[in-house]
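See structure below.
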Amino acid sequence: MPNFCAAPNCTRKSTQSDLAFFRFPRDPQRCQLWVENCRRADLEDKTPDQLNKHYRLCAKHFEPSMICKTSPYRTVLKDTAVPTIFDLTSHLNNPHSRHRKRIKELTEEDIRRMKERRLEAARDQSQNKENETSESQDSAGTNEDVPSLSPEEKELRDYLKSLFEVIVVIGKQNIPLNGHLEVEEDSECFTPSNFQALLEYRINAGDEVLRRRFETTAVNAEYCPSGQQRRILEVCESCVREELLQEARDARFFSLVTGDLADFPEGPHIPLFLRFVDQSHFLREEFIEFLPFEGDEEALTERLVAQITEKWGLSMEHCRGQAHVGSGVFAGKIKAVAIRLMERYPLAVYTPCSTCALNVYLANNLLLTGVQVVMSTLKRIGLFFSKSPLLQAELDHAISIFYQGNEEKANSLKETCRLGWTERHDVFELAVDLLESLLLCTDSIHDNEDLKWNDRITSEAYTISEALADFEFVVTLVVLKNALSFTRAFGKNLQGQTLDVFFAASSLTAVLHSLNEVMDNIEVYHEFWFEEAVNLAAAMEIPVKVPRLYFRKQRTEAGVEIQPESYFKEYLTVPVVRRIIQELKEVFSENHLKALKCLSLVPAVMGQLKFNASEESNADLYRNDLPNPDTLPAELHCWRIKWKHRGKEISLPSTIHDTIQLAEVKFFPNVYAFLKVLCTLPVLKLENSKCEVAWKRMKAYLADTPVNHRSKSLAVLNINYDVKHDLEVMVDAYIKMYPEKEDESLE
């Protein structure tokens, strides 16, 4: 919500810049000093709690030395900060103007009391410093357990700081820790790792601490053993993660989001993200770490809960949503985990993920072999043509050949193919339109008549063309296109503006009704869909046949021949439609739909509903999350009246983010708490591109880094590139976690 500065003659508000705003302190003495310096007579009668809740001062009223920026998202004041920079005279230039923040005229008695209070505060501060100094001296003289740092210990800290600095650079720049293959034992040549090479570079550049430590070391000796490297990496990862987790704890409510499996040298891992609203009222979705994907569903659930509660220090009772992006066997397993979590924590509603189109999400969760072949092939196609502009140009040429008489359609498809079409809501419609062009293009690349492509490219093209030229692939793609056409508009609205999401939630019943009608008349629908697939296959010269694997698994009776149309109806069309209906019911549970209907709290949605909506029935879902649940009905009534009778010049906020940034929302604490909880639901679209940075960085890390060079700890540093790191904190954490290793390092 916009924060207005309480200082006289200051008109700044938070929506006009990135300027930080600070609450009045709760400490009575410090709060009194702030009020006195503000010279606002109307603030003197208010309690510190009232001032802390409802009044702010912008950073312009504090000396720069009083302000600390702990992260790109977080700016704080020092504990002793007092505002001293004020404009108390500019209003005199316009004596007829009205001032809401009137400046108090100080009497001699007021000045005398202020001086006495400040002198007393100064004396107390001085006395506290003397006491601290005296205590530290006494402690130094009497307590041998807390000695001052010896020269050796100071040098150790400087040495560790240099190591941490190199590791941080390696992680953030995504430099492999071990840049070369291991040297054979009988080889005389020694090739240092990247870590070793950077340490040598620092020594040559003048790092005296490293030079003194390693000057007597053998030329081919390893400066930092692998065990110490591993410990340093663990500490780096822990410190970066803790910076993010502290903000998540401050936010209280959060949602859990997981990505698709990622391969590491240690095995497959699940990327874990947290979505929360920070103290500046901004929605965040941050990458936390990779979790090993081991064991059955029950074991994985227990490990995930233990990770969140014990290692991260969060409470699953505060989890308000969960979304899991996956495919194939992993999708089935992580879905079972999600259901178990929802059984334990009913408010942790299972939703689709805003970063994945609903139709893609549904198809990935259909555990049918043919469907998974289509999804993996489409993913492979997207990656293949993104490797080189030459490959994209080859596809453009193939599109031009097939759409010679429709240049507009050809240009539209060419443009679409450059924009990540395999992740769109209409991916299956596009795939059908592109299928002939894709087959022609991959066949041409594989033939490689002009020797234009290398062996790796031609091999990948052959794999894709073999998949495309199979009738099972064609018919599965056509069935997915038609069956998911009923959810396409619904899914697109679900990831649209807040108003679209609200009405999408109300339209789910109609979507399910349409799919149930298809199921009731499946013979008719399948006949049309199969005919479309046969015609497409004929155009591509693909024979219509039952999959070979079916004959291997089942022996048909002598003289009985199963027809392709009957086979694909029983084993493809019916299961696909049935499972889409089942998946929609599971992912849009009663609690999920109730939560989405609470979006009517957003003023623009209220206006569209003519301010007649009643949120009380759905609000019970989050009743225990509200500060004053008993006053909710009256507060909701006042909230509706406020926007219904607004001034003509005031526009209705259209998103949750815009609403919680309003200054007035602080007078509606239940509404404010409600909106913050709703904002964390993973199904809702991220408001701006900054929220998606963690996802983009993770995808870039996995795409750019070979599996044998990946490191979970370095990945955390790279993906969270902008998170603040403090080398002193890392050194302290290292010495605390590994005290026995400190003595070894001193030797």
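Residue numbers start at 1 in each chain; chains themselves are named A, B, ... in the order of the structure tokens; ligands are numbered from 1 in the order shown.
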
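Residues with any atom within 7 Å of stretch 607-611 of chain A, counting only C-alpha atoms and excluding same-chain neighbours fewer than 4 positions away, are Pro603, Arg640 and Lys644 of chain A.
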
Can you tell me which residues surround stretch 349-366 of chain A at a distance of at most 8 Å, considering only C-alpha atoms, apart from same-chain residues fewer than 2 positions away, and format the answer as a VMD selection string? chain A and resid 257 320 to 328 331 to 332 338 to 339 342 346 to 347 368 371 to 372 375 423 to 427 480 484 487 to 488 491 to 492 495 576 579 to 580 583 586 to 589 591 to 592 681 to 686

Residues near A:Arg252, cut-off 10 Å, only C-alpha atoms, skip fewer than 2 positions along chain, as an MDAnalysis selection string: chainID A and resid 246:250 254 276:278 314:315 317:319 677

Only N, CA and C atoms, please: the residues just picked out, written as an mmCIF file, in the first residue's frame.
```
data_model
loop_
_atom_site.group_PDB
_atom_site.id
_atom_site.type_symbol
_atom_site.label_atom_id
_atom_site.label_comp_id
_atom_site.auth_asym_id
_atom_site.auth_seq_id
_atom_site.Cartn_x
_atom_site.Cartn_y
_atom_site.Cartn_z
ATOM 1 N N GLN A 246 14.624 -15.810 6.191
ATOM 2 C CA GLN A 246 14.257 -14.840 7.218
ATOM 3 C C GLN A 246 13.114 -13.953 6.741
ATOM 4 N N GLU A 247 13.161 -13.568 5.470
ATOM 5 C CA GLU A 247 12.074 -12.750 4.924
ATOM 6 C C GLU A 247 10.792 -13.560 4.811
ATOM 7 N N ALA A 248 10.917 -14.843 4.490
ATOM 8 C CA ALA A 248 9.726 -15.704 4.423
ATOM 9 C C ALA A 248 9.117 -15.889 5.808
ATOM 10 N N ARG A 249 9.963 -16.011 6.836
ATOM 11 C CA ARG A 249 9.435 -16.132 8.206
ATOM 12 C C ARG A 249 8.726 -14.854 8.630
ATOM 13 N N ASP A 250 9.301 -13.716 8.263
ATOM 14 C CA ASP A 250 8.656 -12.440 8.600
ATOM 15 C C ASP A 250 7.293 -12.321 7.926
ATOM 16 N N PHE A 254 2.923 -18.528 3.378
ATOM 17 C CA PHE A 254 3.708 -18.822 2.177
ATOM 18 C C PHE A 254 3.052 -19.949 1.404
ATOM 19 N N PHE A 276 5.804 -15.723 -1.266
ATOM 20 C CA PHE A 276 5.329 -14.990 -0.092
ATOM 21 C C PHE A 276 5.277 -13.507 -0.408
ATOM 22 N N VAL A 277 4.615 -12.751 0.462
ATOM 23 C CA VAL A 277 4.544 -11.292 0.338
ATOM 24 C C VAL A 277 5.473 -10.703 1.390
ATOM 25 N N ASP A 278 6.485 -9.950 0.965
ATOM 26 C CA ASP A 278 7.484 -9.446 1.918
ATOM 27 C C ASP A 278 6.968 -8.234 2.679
ATOM 28 N N LEU A 314 10.113 -22.950 9.123
ATOM 29 C CA LEU A 314 8.763 -22.498 8.785
ATOM 30 C C LEU A 314 7.742 -23.487 9.349
ATOM 31 N N SER A 315 6.505 -23.042 9.474
ATOM 32 C CA SER A 315 5.433 -23.909 9.953
ATOM 33 C C SER A 315 4.518 -24.285 8.792
ATOM 34 N N GLU A 317 1.633 -25.175 9.069
ATOM 35 C CA GLU A 317 0.312 -24.630 9.387
ATOM 36 C C GLU A 317 0.091 -23.289 8.696
ATOM 37 N N HIS A 318 1.183 -22.650 8.268
ATOM 38 C CA HIS A 318 1.087 -21.361 7.579
ATOM 39 C C HIS A 318 1.190 -21.506 6.061
ATOM 40 N N CYS A 319 1.283 -22.740 5.577
ATOM 41 C CA CYS A 319 1.345 -22.967 4.130
ATOM 42 C C CYS A 319 -0.062 -22.867 3.554
ATOM 43 N N VAL A 677 -2.840 -13.241 2.036
ATOM 44 C CA VAL A 677 -2.889 -14.698 1.964
ATOM 45 C C VAL A 677 -3.252 -15.137 0.545
#
```

Find the nearest atom pair between each residue of stretch 322-400 of chain A and stretch 450-459 of chain A for residues within 10 Å, count only C-alpha atoms, give distances in Å to one decimal, sort rows by chain and ascending number, and present the table as a tab-separated table.
```
residue	atom	partner	partner_atom	distance
A:Phe384	CA	A:Ile457	CA	8.4
A:Lys387	CA	A:Ile457	CA	9.7
A:Leu390	CA	A:Trp453	CA	9.7
A:Leu391	CA	A:Ile457	CA	9.4
```

Closest contacts (stretch 392-451 of chain A/stretch 471-477 of chain A, max 12 Å, only C-alpha atoms) as a tab-separated table:
```
residue	atom	partner	partner_atom	distance
A:Val427	CA	A:Leu477	CA	10.1
A:Phe428	CA	A:Leu477	CA	6.6
A:Glu429	CA	A:Leu477	CA	8.8
A:Leu430	CA	A:Leu477	CA	10.5
A:Ala431	CA	A:Leu477	CA	7.8
A:Val432	CA	A:Leu477	CA	7.2
A:Asp433	CA	A:Leu477	CA	11.0
A:Leu434	CA	A:Leu477	CA	11.6
A:Leu435	CA	A:Val474	CA	8.6
A:Glu436	CA	A:Val474	CA	10.6
A:Leu439	CA	A:Val474	CA	11.5
```
